[in-house]
$ cat input.cif   # mmCIF, C-alpha atoms and all ligand atoms
data_target
loop_
_atom_site.label_atom_id
_atom_site.label_comp_id
_atom_site.auth_asym_id
_atom_site.auth_seq_id
_atom_site.Cartn_x
_atom_site.Cartn_y
_atom_site.Cartn_z
CA MET D 1 -45.47 26.91 0.96
CA THR D 2 -42.96 24.45 -0.46
CA MET D 3 -42.22 21.30 1.47
CA ALA D 4 -38.68 20.34 2.32
CA PHE D 5 -37.82 17.01 0.78
CA THR D 6 -36.40 14.19 2.85
CA ARG D 7 -34.60 11.04 1.78
CA PRO D 8 -36.64 7.94 1.07
CA ARG D 9 -36.82 5.72 4.17
CA GLY D 10 -33.86 3.37 4.57
CA THR D 11 -31.51 5.40 2.34
CA ARG D 12 -28.60 7.61 3.36
CA ASP D 13 -26.70 10.69 2.25
CA PHE D 14 -22.92 10.50 2.57
CA LEU D 15 -20.96 13.66 3.35
CA PRO D 16 -17.38 14.20 2.15
CA GLU D 17 -15.71 12.86 5.31
CA GLU D 18 -17.74 9.69 5.24
CA MET D 19 -17.22 9.28 1.49
CA ALA D 20 -13.48 9.53 2.06
CA ARG D 21 -13.69 6.67 4.57
CA ARG D 22 -15.88 4.61 2.24
CA ARG D 23 -13.54 5.16 -0.70
CA TYR D 24 -10.56 4.20 1.44
CA VAL D 25 -12.19 0.91 2.48
CA GLU D 26 -13.22 0.30 -1.12
CA GLY D 27 -9.63 0.92 -2.22
CA VAL D 28 -8.22 -1.61 0.24
CA MET D 29 -10.82 -4.19 -0.80
CA ARG D 30 -9.98 -3.66 -4.48
CA GLU D 31 -6.28 -4.04 -3.77
CA VAL D 32 -6.72 -7.31 -1.87
CA PHE D 33 -9.19 -8.77 -4.42
CA GLU D 34 -6.82 -7.85 -7.25
CA SER D 35 -3.85 -9.33 -5.39
CA PHE D 36 -5.67 -12.70 -5.67
CA GLY D 37 -6.21 -12.21 -9.42
CA TYR D 38 -9.81 -10.94 -9.46
CA GLY D 39 -10.85 -8.24 -11.96
CA GLU D 40 -13.63 -5.72 -11.44
CA VAL D 41 -16.96 -5.90 -13.24
CA GLN D 42 -20.01 -3.68 -13.17
CA THR D 43 -23.56 -4.65 -14.03
CA PRO D 44 -26.77 -2.60 -14.33
CA THR D 45 -28.58 -1.41 -11.23
CA PHE D 46 -31.78 -3.08 -12.47
CA GLU D 47 -32.28 -6.42 -14.14
CA SER D 48 -35.20 -8.49 -15.36
CA LEU D 49 -37.44 -9.62 -12.53
CA GLU D 50 -37.09 -13.18 -13.74
CA LEU D 51 -33.30 -13.18 -13.35
CA ILE D 52 -33.49 -11.75 -9.87
CA THR D 53 -36.12 -14.20 -8.64
CA ALA D 54 -34.54 -17.35 -10.14
CA LYS D 55 -33.38 -19.47 -7.19
CA SER D 56 -33.15 -16.38 -5.04
CA GLY D 57 -34.95 -17.45 -1.91
CA GLU D 58 -38.14 -16.38 -0.29
CA ASP D 59 -36.70 -13.59 1.77
CA ILE D 60 -35.23 -11.85 -1.25
CA ARG D 61 -38.47 -12.14 -3.23
CA ARG D 62 -40.49 -10.69 -0.37
CA HIS D 63 -38.25 -7.63 -0.10
CA LEU D 64 -37.86 -6.86 -3.78
CA TYR D 65 -38.21 -3.45 -5.37
CA HIS D 66 -39.86 -4.32 -8.66
CA PHE D 67 -41.59 -2.28 -11.28
CA LYS D 68 -42.76 -2.20 -14.87
CA ASP D 69 -41.02 0.12 -17.32
CA LYS D 70 -42.89 2.08 -19.99
CA ALA D 71 -42.82 -0.95 -22.29
CA GLU D 72 -44.39 -3.10 -19.57
CA ARG D 73 -41.19 -5.05 -18.89
CA ASP D 74 -40.97 -6.54 -15.39
CA LEU D 75 -37.78 -5.26 -13.81
CA ALA D 76 -36.25 -5.27 -10.34
CA LEU D 77 -33.58 -3.26 -8.56
CA ARG D 78 -30.83 -5.74 -7.77
CA PRO D 79 -31.05 -7.09 -4.20
CA GLU D 80 -27.61 -8.72 -4.52
CA LEU D 81 -25.01 -9.19 -7.22
CA THR D 82 -24.36 -12.90 -7.63
CA ALA D 83 -27.25 -13.50 -10.06
CA PRO D 84 -26.38 -10.41 -12.18
CA VAL D 85 -22.71 -11.42 -12.28
CA MET D 86 -23.65 -14.97 -13.32
CA ARG D 87 -25.80 -13.49 -16.09
CA LEU D 88 -22.82 -11.39 -17.16
CA TYR D 89 -20.63 -14.50 -17.11
CA ILE D 90 -23.07 -16.43 -19.34
CA ASN D 91 -23.49 -13.46 -21.72
CA GLU D 92 -19.89 -12.30 -21.95
CA LEU D 93 -17.34 -14.59 -20.33
CA LYS D 94 -18.40 -18.20 -20.65
CA ARG D 95 -15.80 -18.91 -23.32
CA SER D 96 -12.99 -17.21 -21.40
CA PRO D 97 -10.14 -19.37 -20.12
CA LYS D 98 -10.87 -20.72 -16.65
CA PRO D 99 -10.82 -19.76 -13.93
CA VAL D 100 -12.87 -16.61 -14.37
CA LYS D 101 -12.30 -14.42 -11.31
CA VAL D 102 -14.37 -11.28 -10.93
CA TYR D 103 -15.25 -8.84 -8.20
CA TYR D 104 -17.78 -6.06 -7.78
CA ILE D 105 -18.64 -3.20 -5.47
CA GLY D 106 -22.16 -1.91 -5.95
CA ASN D 107 -25.40 -0.78 -4.38
CA CYS D 108 -28.23 -3.20 -3.68
CA PHE D 109 -31.86 -2.64 -2.76
CA ARG D 110 -34.13 -4.51 -0.39
CA TYR D 111 -37.42 -3.27 1.00
CA GLU D 112 -36.58 -4.25 4.57
CA GLU D 113 -37.40 -2.67 7.92
CA PRO D 114 -34.58 -0.12 8.36
CA GLN D 115 -32.49 -0.20 11.53
CA SER D 116 -28.86 0.27 12.44
CA GLY D 117 -26.86 -1.75 9.89
CA ARG D 118 -29.94 -2.55 7.80
CA TYR D 119 -30.88 -0.24 4.98
CA ARG D 120 -33.07 -0.26 1.90
CA GLU D 121 -30.14 0.84 -0.21
CA PHE D 122 -26.86 -0.72 0.87
CA TRP D 123 -23.59 -1.71 -0.73
CA GLN D 124 -22.07 -5.11 -1.33
CA ALA D 125 -18.47 -5.86 -2.24
CA GLY D 126 -17.88 -9.39 -3.37
CA VAL D 127 -16.10 -11.88 -5.59
CA GLU D 128 -17.13 -14.81 -7.78
CA LEU D 129 -14.73 -17.61 -8.67
CA ILE D 130 -15.92 -19.57 -11.69
CA GLY D 131 -14.44 -22.78 -13.04
CA PRO D 132 -12.28 -24.73 -10.63
CA PRO D 133 -14.17 -27.82 -9.42
CA HIS D 134 -11.89 -28.40 -6.47
CA GLU D 135 -12.20 -27.79 -2.76
CA GLU D 136 -9.22 -25.41 -2.89
CA ALA D 137 -11.40 -22.92 -4.78
CA GLU D 138 -13.97 -22.84 -1.97
CA ALA D 139 -11.11 -22.44 0.50
CA GLU D 140 -9.68 -19.57 -1.54
CA VAL D 141 -12.79 -17.44 -1.27
CA VAL D 142 -12.95 -17.93 2.50
CA ALA D 143 -9.24 -17.08 2.76
CA LEU D 144 -9.74 -14.01 0.56
CA ALA D 145 -12.62 -12.71 2.69
CA MET D 146 -10.50 -13.12 5.82
CA ALA D 147 -7.40 -11.58 4.22
CA THR D 148 -9.49 -8.52 3.27
CA LEU D 149 -10.72 -7.97 6.82
CA GLU D 150 -7.21 -8.48 8.17
CA ARG D 151 -5.80 -5.91 5.74
CA LEU D 152 -8.47 -3.46 6.84
CA GLY D 153 -7.31 -4.01 10.40
CA LEU D 154 -10.58 -5.42 11.73
CA GLU D 155 -9.88 -7.40 14.88
CA GLY D 156 -13.23 -8.52 16.24
CA PHE D 157 -14.59 -10.90 13.65
CA GLU D 158 -15.64 -14.54 13.75
CA VAL D 159 -15.73 -16.87 10.78
CA HIS D 160 -18.30 -19.68 10.80
CA ILE D 161 -18.06 -22.31 8.10
CA GLY D 162 -20.65 -24.95 7.32
CA HIS D 163 -21.67 -27.19 4.47
CA ILE D 164 -25.11 -27.12 2.89
CA GLY D 165 -24.30 -30.27 0.91
CA VAL D 166 -24.35 -32.22 4.16
CA LEU D 167 -27.77 -30.80 5.11
CA ARG D 168 -29.26 -31.26 1.65
CA ARG D 169 -28.04 -34.86 1.52
CA ILE D 170 -29.63 -35.69 4.86
CA LEU D 171 -32.91 -34.29 3.54
CA GLU D 172 -32.51 -36.16 0.28
CA ASP D 173 -32.02 -39.41 2.20
CA GLY D 174 -35.20 -38.52 4.04
CA GLY D 175 -37.03 -38.34 0.69
CA VAL D 176 -37.17 -34.53 0.36
CA ARG D 177 -36.84 -33.25 -3.21
CA GLU D 178 -34.63 -30.26 -4.04
CA GLU D 179 -37.46 -27.77 -4.42
CA ASP D 180 -38.88 -28.82 -1.06
CA GLN D 181 -35.45 -28.48 0.55
CA ASN D 182 -35.34 -24.72 0.00
CA PRO D 183 -38.06 -23.74 2.49
CA VAL D 184 -36.33 -26.02 5.02
CA MET D 185 -33.01 -24.21 4.39
CA ASN D 186 -34.81 -20.91 4.83
CA ALA D 187 -36.22 -21.92 8.20
CA ILE D 188 -32.76 -23.10 9.29
CA ASP D 189 -31.19 -19.84 8.11
CA LYS D 190 -33.66 -17.79 10.12
CA GLY D 191 -33.30 -20.03 13.19
CA GLU D 192 -37.06 -20.65 13.16
CA GLU D 193 -37.15 -23.92 15.05
CA ALA D 194 -40.91 -24.39 15.25
CA ALA D 195 -41.34 -23.66 11.54
CA LEU D 196 -38.53 -26.07 10.75
CA LYS D 197 -40.07 -28.89 12.77
CA GLY D 198 -43.46 -28.19 11.19
CA LEU D 199 -41.95 -28.39 7.71
CA LEU D 200 -40.13 -31.64 8.41
CA GLU D 201 -43.40 -33.08 9.65
CA LYS D 202 -45.31 -31.85 6.62
CA LEU D 203 -42.70 -33.31 4.28
CA GLN D 204 -42.98 -36.61 6.15
CA VAL D 205 -39.29 -36.82 6.82
CA PRO D 206 -38.67 -40.08 8.73
CA GLU D 207 -38.04 -39.61 12.45
CA GLU D 208 -34.46 -40.87 12.17
CA SER D 209 -33.43 -38.37 9.45
CA ARG D 210 -35.23 -35.64 11.32
CA SER D 211 -33.31 -36.26 14.50
CA VAL D 212 -29.98 -36.53 12.64
CA LEU D 213 -30.66 -33.20 10.95
CA LEU D 214 -31.69 -31.41 14.14
CA THR D 215 -28.61 -32.72 15.96
CA ILE D 216 -26.23 -31.82 13.12
CA LEU D 217 -27.58 -28.26 13.08
CA GLU D 218 -26.50 -27.83 16.68
CA LEU D 219 -22.87 -28.80 15.99
CA GLU D 220 -20.64 -25.77 16.30
CA GLY D 221 -17.07 -25.37 17.49
CA PRO D 222 -13.43 -26.00 16.55
CA SER D 223 -13.19 -28.11 13.41
CA ARG D 224 -11.65 -31.28 14.82
CA GLU D 225 -14.26 -31.51 17.56
CA VAL D 226 -17.27 -30.86 15.31
CA LEU D 227 -16.09 -33.16 12.54
CA GLY D 228 -15.52 -35.99 15.01
CA LYS D 229 -19.07 -35.65 16.34
CA ALA D 230 -20.54 -35.34 12.84
CA ARG D 231 -18.73 -38.46 11.63
CA ALA D 232 -20.03 -40.48 14.55
CA LEU D 233 -23.56 -39.20 14.03
CA LEU D 234 -23.56 -39.95 10.31
CA ALA D 235 -22.00 -43.42 10.50
CA GLY D 236 -23.44 -45.69 7.83
CA ARG D 237 -24.96 -42.87 5.75
CA THR D 238 -22.60 -43.14 2.79
CA GLY D 239 -24.02 -40.28 0.73
CA VAL D 240 -23.95 -37.79 3.59
CA LEU D 241 -20.47 -38.93 4.63
CA GLU D 242 -19.23 -38.22 1.10
CA GLU D 243 -20.44 -34.63 1.48
CA LEU D 244 -18.79 -34.41 4.88
CA GLU D 245 -15.52 -35.62 3.34
CA ARG D 246 -15.81 -32.90 0.72
CA PHE D 247 -16.21 -30.40 3.50
CA GLU D 248 -13.18 -31.84 5.30
CA ARG D 249 -11.10 -31.33 2.16
CA VAL D 250 -12.15 -27.67 2.08
CA LEU D 251 -11.08 -27.26 5.70
CA CYS D 252 -7.81 -29.01 4.96
CA ALA D 253 -7.18 -26.65 2.01
CA LEU D 254 -7.82 -23.68 4.31
CA GLY D 255 -4.65 -24.76 6.07
CA PHE D 256 -2.65 -24.16 2.86
CA PHE D 257 -3.90 -20.58 2.88
CA GLY D 258 -2.73 -20.24 6.47
CA VAL D 259 -6.30 -19.77 7.63
CA GLU D 260 -7.11 -20.75 11.18
CA GLY D 261 -9.23 -19.66 14.09
CA TYR D 262 -12.55 -20.25 12.32
CA ARG D 263 -15.41 -22.23 13.76
CA VAL D 264 -17.17 -25.08 12.04
CA ASP D 265 -20.90 -24.50 12.23
CA LEU D 266 -23.14 -27.04 10.54
CA GLY D 267 -26.20 -24.95 11.35
CA ILE D 268 -25.42 -22.39 8.62
CA ALA D 269 -27.91 -22.63 5.77
CA ARG D 270 -27.87 -19.15 4.13
CA GLY D 271 -31.09 -17.57 2.95
CA LEU D 272 -30.55 -17.98 -0.79
CA ASP D 273 -31.68 -21.06 -2.68
CA TYR D 274 -28.65 -21.30 -4.93
CA TYR D 275 -26.08 -22.47 -2.35
CA THR D 276 -24.86 -26.06 -2.68
CA GLY D 277 -21.67 -26.92 -0.74
CA THR D 278 -19.47 -24.94 1.60
CA VAL D 279 -21.20 -21.92 3.12
CA PHE D 280 -19.73 -19.36 5.46
CA GLU D 281 -20.67 -16.29 7.38
CA ILE D 282 -18.50 -13.71 9.10
CA TYR D 283 -19.79 -11.85 12.13
CA ALA D 284 -18.63 -8.70 13.86
CA PRO D 285 -20.17 -9.30 17.31
CA ARG D 286 -19.88 -5.61 18.23
CA LEU D 287 -22.60 -4.81 15.73
CA GLY D 288 -25.28 -6.64 17.72
CA ALA D 289 -28.37 -7.79 15.83
CA GLN D 290 -27.00 -6.92 12.36
CA LYS D 291 -23.62 -8.48 13.00
CA GLN D 292 -23.30 -10.52 9.80
CA ILE D 293 -20.76 -8.66 7.69
CA CYS D 294 -20.13 -11.30 5.04
CA GLY D 295 -21.83 -14.33 3.55
CA GLY D 296 -20.78 -16.73 0.85
CA GLY D 297 -20.08 -20.23 -0.33
CA SER D 298 -20.37 -22.47 -3.34
CA TYR D 299 -23.53 -22.32 -5.39
CA SER D 300 -25.15 -23.45 -8.59
CA LEU D 301 -26.88 -20.83 -10.67
CA THR D 302 -25.64 -20.91 -14.27
CA GLU D 303 -27.93 -23.76 -15.32
CA THR D 304 -30.99 -22.05 -13.86
CA LEU D 305 -30.05 -18.99 -15.91
CA GLY D 306 -29.78 -20.95 -19.15
CA GLY D 307 -26.01 -21.54 -19.16
CA ALA D 308 -23.90 -24.69 -18.92
CA PRO D 309 -23.12 -26.09 -15.48
CA VAL D 310 -19.87 -24.80 -14.03
CA PRO D 311 -18.52 -24.84 -10.46
CA THR D 312 -18.92 -21.46 -8.82
CA CYS D 313 -18.25 -19.95 -5.42
CA GLY D 314 -17.95 -16.49 -3.94
CA PHE D 315 -18.92 -14.16 -1.15
CA ALA D 316 -20.38 -10.73 -0.53
CA PHE D 317 -19.36 -8.31 2.18
CA GLY D 318 -22.06 -6.08 3.55
CA PHE D 319 -19.90 -3.06 2.78
CA ASP D 320 -21.74 -0.68 5.12
CA ARG D 321 -21.47 -3.13 7.99
CA VAL D 322 -17.74 -3.67 7.44
CA LEU D 323 -17.38 0.09 7.74
CA LEU D 324 -19.52 0.17 10.91
CA ALA D 325 -17.42 -2.62 12.41
CA LEU D 326 -14.17 -0.80 11.62
CA GLU D 327 -15.53 2.44 13.07
CA ALA D 328 -16.72 0.62 16.19
CA GLU D 329 -13.11 -0.45 16.72
CA GLY D 330 -11.93 3.13 16.24
CA ARG D 331 -9.89 2.30 13.12
CA LYS D 332 -8.52 5.26 11.23
CA LEU D 333 -9.81 4.90 7.70
CA GLY D 334 -7.52 6.72 5.33
CA GLY D 335 -5.76 10.04 5.69
CA ASP D 336 -7.23 13.51 5.64
CA LYS D 337 -8.40 14.27 2.12
CA GLY D 338 -9.18 17.98 2.44
CA PRO D 339 -7.25 20.84 0.77
CA LYS D 340 -3.82 21.55 2.21
CA ALA D 341 -3.76 25.24 1.37
CA LEU D 342 -6.19 28.13 1.01
CA VAL D 343 -5.12 30.81 -1.45
CA VAL D 344 -6.54 34.16 -0.31
CA PRO D 345 -6.48 37.43 -2.25
CA ALA D 346 -5.67 40.28 0.14
CA GLY D 347 -7.46 42.94 -1.84
CA LYS D 348 -10.47 43.19 -4.15
CA ASP D 349 -8.67 43.04 -7.45
CA LEU D 350 -6.37 40.17 -6.60
CA LEU D 351 -8.77 37.24 -6.95
CA GLY D 352 -7.67 36.64 -10.56
CA GLU D 353 -4.04 36.53 -9.42
CA ALA D 354 -5.00 34.16 -6.57
CA ILE D 355 -6.72 31.81 -9.04
CA ARG D 356 -3.60 31.82 -11.20
CA VAL D 357 -1.30 31.05 -8.23
CA ALA D 358 -3.64 28.27 -7.03
CA ALA D 359 -3.63 26.67 -10.49
CA SER D 360 0.14 26.27 -10.35
CA LEU D 361 0.26 25.33 -6.65
CA ARG D 362 -2.33 22.61 -7.30
CA LYS D 363 0.26 20.67 -9.31
CA SER D 364 2.00 19.84 -6.04
CA LEU D 365 -0.59 20.47 -3.29
CA PRO D 366 -4.40 20.16 -3.16
CA CYS D 367 -5.56 23.73 -2.60
CA GLU D 368 -8.63 25.91 -2.68
CA VAL D 369 -9.03 29.57 -3.66
CA ASP D 370 -11.08 31.72 -1.33
CA LEU D 371 -13.92 32.72 -3.63
CA MET D 372 -15.90 34.68 -1.06
CA LYS D 373 -14.22 38.09 -1.59
CA ARG D 374 -14.05 38.68 2.16
CA LYS D 375 -11.63 40.20 4.61
CA LEU D 376 -8.41 38.31 5.29
CA VAL D 377 -9.31 37.68 8.93
CA LYS D 378 -12.58 36.01 7.86
CA ALA D 379 -10.71 33.84 5.35
CA LEU D 380 -8.23 32.81 8.06
CA GLY D 381 -11.17 31.85 10.29
CA TYR D 382 -12.52 29.68 7.47
CA ALA D 383 -9.15 27.94 6.98
CA ASP D 384 -9.00 27.32 10.70
CA SER D 385 -12.50 25.85 10.89
CA ARG D 386 -11.80 23.52 7.98
CA GLY D 387 -8.41 22.49 9.36
CA ILE D 388 -6.55 23.74 6.28
CA PRO D 389 -2.91 23.87 7.43
CA LEU D 390 -1.53 26.60 5.10
CA VAL D 391 -2.86 29.92 3.88
CA VAL D 392 -1.21 31.53 0.85
CA ILE D 393 -1.90 35.26 0.95
CA ILE D 394 -1.72 37.18 -2.31
CA GLY D 395 -0.88 40.81 -1.50
CA GLU D 396 0.07 43.80 -3.68
CA GLU D 397 3.34 44.41 -1.87
CA GLU D 398 4.55 40.81 -2.02
CA LEU D 399 3.48 40.43 -5.64
CA ALA D 400 5.58 43.44 -6.55
CA LYS D 401 8.58 41.42 -5.28
CA GLY D 402 7.42 38.30 -7.13
CA CYS D 403 6.40 36.75 -3.81
CA VAL D 404 3.37 35.54 -1.83
CA LEU D 405 2.98 35.31 1.92
CA VAL D 406 2.67 31.77 3.32
CA ARG D 407 1.07 31.41 6.74
CA ASP D 408 1.36 28.28 8.83
CA MET D 409 -2.02 28.07 10.56
CA LYS D 410 -0.72 25.99 13.45
CA THR D 411 2.06 28.33 14.53
CA GLY D 412 0.84 31.57 12.96
CA ALA D 413 4.32 32.06 11.43
CA GLN D 414 4.37 33.87 8.07
CA ARG D 415 7.09 34.09 5.48
CA ASP D 416 7.59 35.37 1.97
CA VAL D 417 7.94 32.69 -0.70
CA LYS D 418 8.87 33.38 -4.33
CA VAL D 419 5.95 32.44 -6.60
CA GLU D 420 8.18 30.08 -8.60
CA ASP D 421 9.23 28.29 -5.37
CA LEU D 422 5.65 27.59 -4.26
CA GLY D 423 5.81 24.12 -5.82
CA SER D 424 8.27 23.02 -3.17
CA ILE D 425 6.44 24.18 -0.04
CA LYS D 426 5.63 21.38 2.35
CA VAL D 427 2.94 20.89 4.95
CA HIS D 428 4.29 20.02 8.39
CA GLU D 429 1.65 17.96 10.17
P1 LIG U 1 -26.83 -11.76 1.40
O1 LIG U 1 -26.80 -11.34 -0.04
O2 LIG U 1 -28.22 -11.74 2.00
O3 LIG U 1 -26.05 -12.98 1.67
O4 LIG U 1 -26.08 -10.58 2.19
C1 LIG U 1 -24.69 -10.40 2.13
C2 LIG U 1 -24.30 -9.36 3.12
O5 LIG U 1 -24.91 -8.12 2.78
C3 LIG U 1 -24.79 -9.64 4.54
O6 LIG U 1 -23.83 -10.38 5.22
C4 LIG U 1 -24.95 -8.27 5.12
O7 LIG U 1 -23.72 -7.87 5.69
C5 LIG U 1 -25.24 -7.40 3.93
N1 LIG U 1 -26.68 -7.00 3.91
C6 LIG U 1 -27.73 -7.73 3.53
N2 LIG U 1 -28.87 -7.02 3.61
C7 LIG U 1 -28.53 -5.79 4.06
C8 LIG U 1 -29.24 -4.58 4.34
N3 LIG U 1 -30.57 -4.49 4.20
N4 LIG U 1 -28.53 -3.50 4.79
C9 LIG U 1 -27.20 -3.58 4.95
N5 LIG U 1 -26.47 -4.67 4.68
C10 LIG U 1 -27.12 -5.77 4.25
#
$ encode --input "input.cif" --output "structure tokens"
Amino acid sequence: MTMAFTRPRGTRDFLPEEMARRRYVEGVMREVFESFGYGEVQTPTFESLELITAKSGEDIRRHLYHFKDKAERDLALRPELTAPVMRLYINELKRSPKPVKVYYIGNCFRYEEPQSGRYREFWQAGVELIGPPHEEAEAEVVALAMATLERLGLEGFEVHIGHIGVLRRILEDGGVREEDQNPVMNAIDKGEEAALKGLLEKLQVPEESRSVLLTILELEGPSREVLGKARALLAGRTGVLEELERFERVLCALGFFGVEGYRVDLGIARGLDYYTGTVFEIYAPRLGAQKQICGGGSYSLTETLGGAPVPTCGFAFGFDRVLLALEAEGRKLGGDKGPKALVVPAGKDLLGEAIRVAASLRKSLPCEVDLMKRKLVKALGYADSRGIPLVVIIGEEELAKGCVLVRDMKTGAQRDVKVEDLGSIKVHE
């Protein structure tokens, strides 16, 4: 007995209707990214393990799909696209005039525990902005992420913006070196309070820095309010205040982009080691536990990958989650993509004629030929079940007059149409 095969755990099949929705959302994202000057790139599905693990963060490393190829090379399926795109930049684009603005839409792989909104193969759509050292660049990527969701018609989303530079600087003042900061950031990202306190203790962070950090992490709300509290809390700490001022300039630049309604949240740390300054996350609260639909910020990765330092920022949408959020709001995602007409031969020997008619009709209307060689009534039933609005019947009698019979499936009305006039028939929906 042969076994039926099932999909690997955490992966999905997409049927035509769902693919049409996915392609529609992809199309809107492409349009908005391109309207801001970003151009599409594509990188391989697998990369060297070393590239993927450089500054990637513990969580990513733990969930990696990695393998050796036949020549014993260590490779990994990409868990995200920022590192691959930075590699592409160093290999191919580093001499290009700045800024370099690229976007991608591609599948990613993480060996995580599957649940609603969390898969082992999922898609990310994101942008990377390379070159401009100014706060306006960080603001642009936040504005672009928001503009994309607005264009898609998503209503229920919340934008939380923080600044990792502020957190890293507090740790630095407390004597914590960069490599020791990453596990701390990870614990903050995961909201693991006990682990965080344990780490701060282990790293012998002075009590004062510890309490400033823990208080800062709790600050969340409208920008003016949070910034006021942060300034008061950080008084006298020049280095940290400089980072806070940088952050304030980003928020100010967001105003130029007409962005408002976000929340400042200094507790955002992101789970990847390469983030440096502004960080942001977008949530769709309707999605429950897996509500984060976008994550991004400014980061530093080119040097780690053997390139020259260059300011970089970007974001990645969890494409599948954006789709889930839109569907949860009942958004209509694109029009009906199916065929608009079914060309049916009414008689055994007329299939060839039907194929010929369909070929010319197809120039103006997506249509399908009934290839089943079945009775007309069966073919009509098929058109009905697939919601095909027109049936073009090829009959001996009509053909003799140079005509075909066009049936409107909604009303049942039928009329003769000259074969040469078929190009101008319209579907009334
Ligand atoms: P990250 O690269 O971890 O910052 O993730 C960026 C976005 O990808 C997140 O905001 C999620 O929306 C999405 N994402 C991450 N992991 C998964 C997953 N396992 N399944 C579906 N979406 C994911």
$ atom_distance --input "input.cif" --atom1 "CA of Arg21 in chain D" --atom2 "atom C2 of ligand LIG 1 (chain U)"
19.3 Å
$ residues_near_ligand --input "input.cif" --ligand "ligand LIG 1 (chain U)" --cutoff "7 Å" --atoms "only C-alpha atoms and all ligand atoms" --output "list of chain:residue names"
D:Glu80, D:Arg110, D:Glu112, D:Gly117, D:Arg118, D:Tyr119, D:Arg120, D:Glu121, D:Phe122, D:Trp123, D:Gln124, D:Arg270, D:Gly271, D:Gln292, D:Ile293, D:Cys294, D:Gly295, D:Gly296, D:Ala316, D:Phe317, D:Gly318, D:Phe319, D:Asp320, D:Arg321
$ residues_around --input "input.cif" --residues "Gly330 in chain D" --least-positions-apart "5" --cutoff "10 Å" --atoms "only C-alpha atoms" --output "list in words"
Leu154, Leu324 and Ala325 of chain D
$ write_last_selection --input "input.cif" --atoms "C-alpha atoms" --output "tab-separated table (two decimals), in the coordinates of the input"
chain	number	residue	atom	x	y	z
D	154	LEU	CA	-10.58	-5.42	11.73
D	324	LEU	CA	-19.52	0.17	10.91
D	325	ALA	CA	-17.42	-2.62	12.41
$ closest_residue --input "input.cif" --among "D:Ala413, D:Leu326, D:Val184, D:Val419" --to "Pro285 in chain D" --atoms "all atoms listed in the file"
D:Leu326
$ atom_distance --input "input.cif" --atom1 "CA of Tyr274 in chain D" --atom2 "CA of Glu179 in chain D"
10.9 Å
$ atom_distance --input "input.cif" --atom1 "CA of Leu227 in chain D" --atom2 "CA of Leu244 in chain D"
8.2 Å
$ closest_atom_pairs --input "input.cif" --of "range 26-48 of chain D" --to "range 132-149 of chain D" --cutoff "9 Å" --atoms "all atoms listed in the file" --output "tab-separated table"
residue	atom	partner	partner_atom	distance
D:Val28	CA	D:Thr148	CA	7.7
D:Met29	CA	D:Thr148	CA	6.1
D:Glu31	CA	D:Thr148	CA	8.9
D:Val32	CA	D:Thr148	CA	6.0
D:Phe33	CA	D:Leu144	CA	7.2
D:Phe36	CA	D:Leu144	CA	7.6
$ closest_residue --input "input.cif" --among "D:Glu18, D:Asp74, D:Glu128, D:Glu260" --to "Gly37 in chain D" --atoms "all atoms listed in the file"
D:Glu128
$ closest_residue --input "input.cif" --among "D:Cys403, D:Ile130, D:Leu371, D:Leu199" --to "Ser298 in chain D" --atoms "all atoms listed in the file"
D:Ile130
$ residues_around --input "input.cif" --residues "Asp69 in chain D" --least-positions-apart "4" --cutoff "12 Å" --atoms "only C-alpha atoms" --output "PyMOL selection string"
chain D and resi 46-49+73-77
$ residues_around --input "input.cif" --residues "Asp273 in chain D" --least-positions-apart "4" --cutoff "10 Å" --atoms "all atoms listed in the file" --output "list in words"
Ala54, Lys55, Ser56, Gly57, Glu58, Ile60, Glu178, Glu179, Gln181, Asn182, Pro183, Met185, Asn186, Ala269, Tyr299, Ser300 and Leu301 of chain D
$ write_last_selection --input "input.cif" --atoms "C-alpha atoms" --output "PDB file, in the coordinates of the input"
ATOM      1  CA  ALA D  54     -34.540 -17.350 -10.140  1.00  0.00           C
ATOM      2  CA  LYS D  55     -33.380 -19.470  -7.190  1.00  0.00           C
ATOM      3  CA  SER D  56     -33.150 -16.380  -5.040  1.00  0.00           C
ATOM      4  CA  GLY D  57     -34.950 -17.450  -1.910  1.00  0.00           C
ATOM      5  CA  GLU D  58     -38.140 -16.380  -0.290  1.00  0.00           C
ATOM      6  CA  ILE D  60     -35.230 -11.850  -1.250  1.00  0.00           C
ATOM      7  CA  GLU D 178     -34.630 -30.260  -4.040  1.00  0.00           C
ATOM      8  CA  GLU D 179     -37.460 -27.770  -4.420  1.00  0.00           C
ATOM      9  CA  GLN D 181     -35.450 -28.480   0.550  1.00  0.00           C
ATOM     10  CA  ASN D 182     -35.340 -24.720   0.000  1.00  0.00           C
ATOM     11  CA  PRO D 183     -38.060 -23.740   2.490  1.00  0.00           C
ATOM     12  CA  MET D 185     -33.010 -24.210   4.390  1.00  0.00           C
ATOM     13  CA  ASN D 186     -34.810 -20.910   4.830  1.00  0.00           C
ATOM     14  CA  ALA D 269     -27.910 -22.630   5.770  1.00  0.00           C
ATOM     15  CA  TYR D 299     -23.530 -22.320  -5.390  1.00  0.00           C
ATOM     16  CA  SER D 300     -25.150 -23.450  -8.590  1.00  0.00           C
ATOM     17  CA  LEU D 301     -26.880 -20.830 -10.670  1.00  0.00           C
TER      18      LEU D 301
END
$ closest_residue --input "input.cif" --among "D:Pro222, D:Pro309, D:Gly106, D:Pro97" --to "Pro79 in chain D" --atoms "all atoms listed in the file"
D:Gly106
$ closest_residue --input "input.cif" --among "D:Leu233, D:Gly10, D:Ala20, D:Thr302" --to "Thr82 in chain D" --atoms "only C-alpha atoms"
D:Thr302
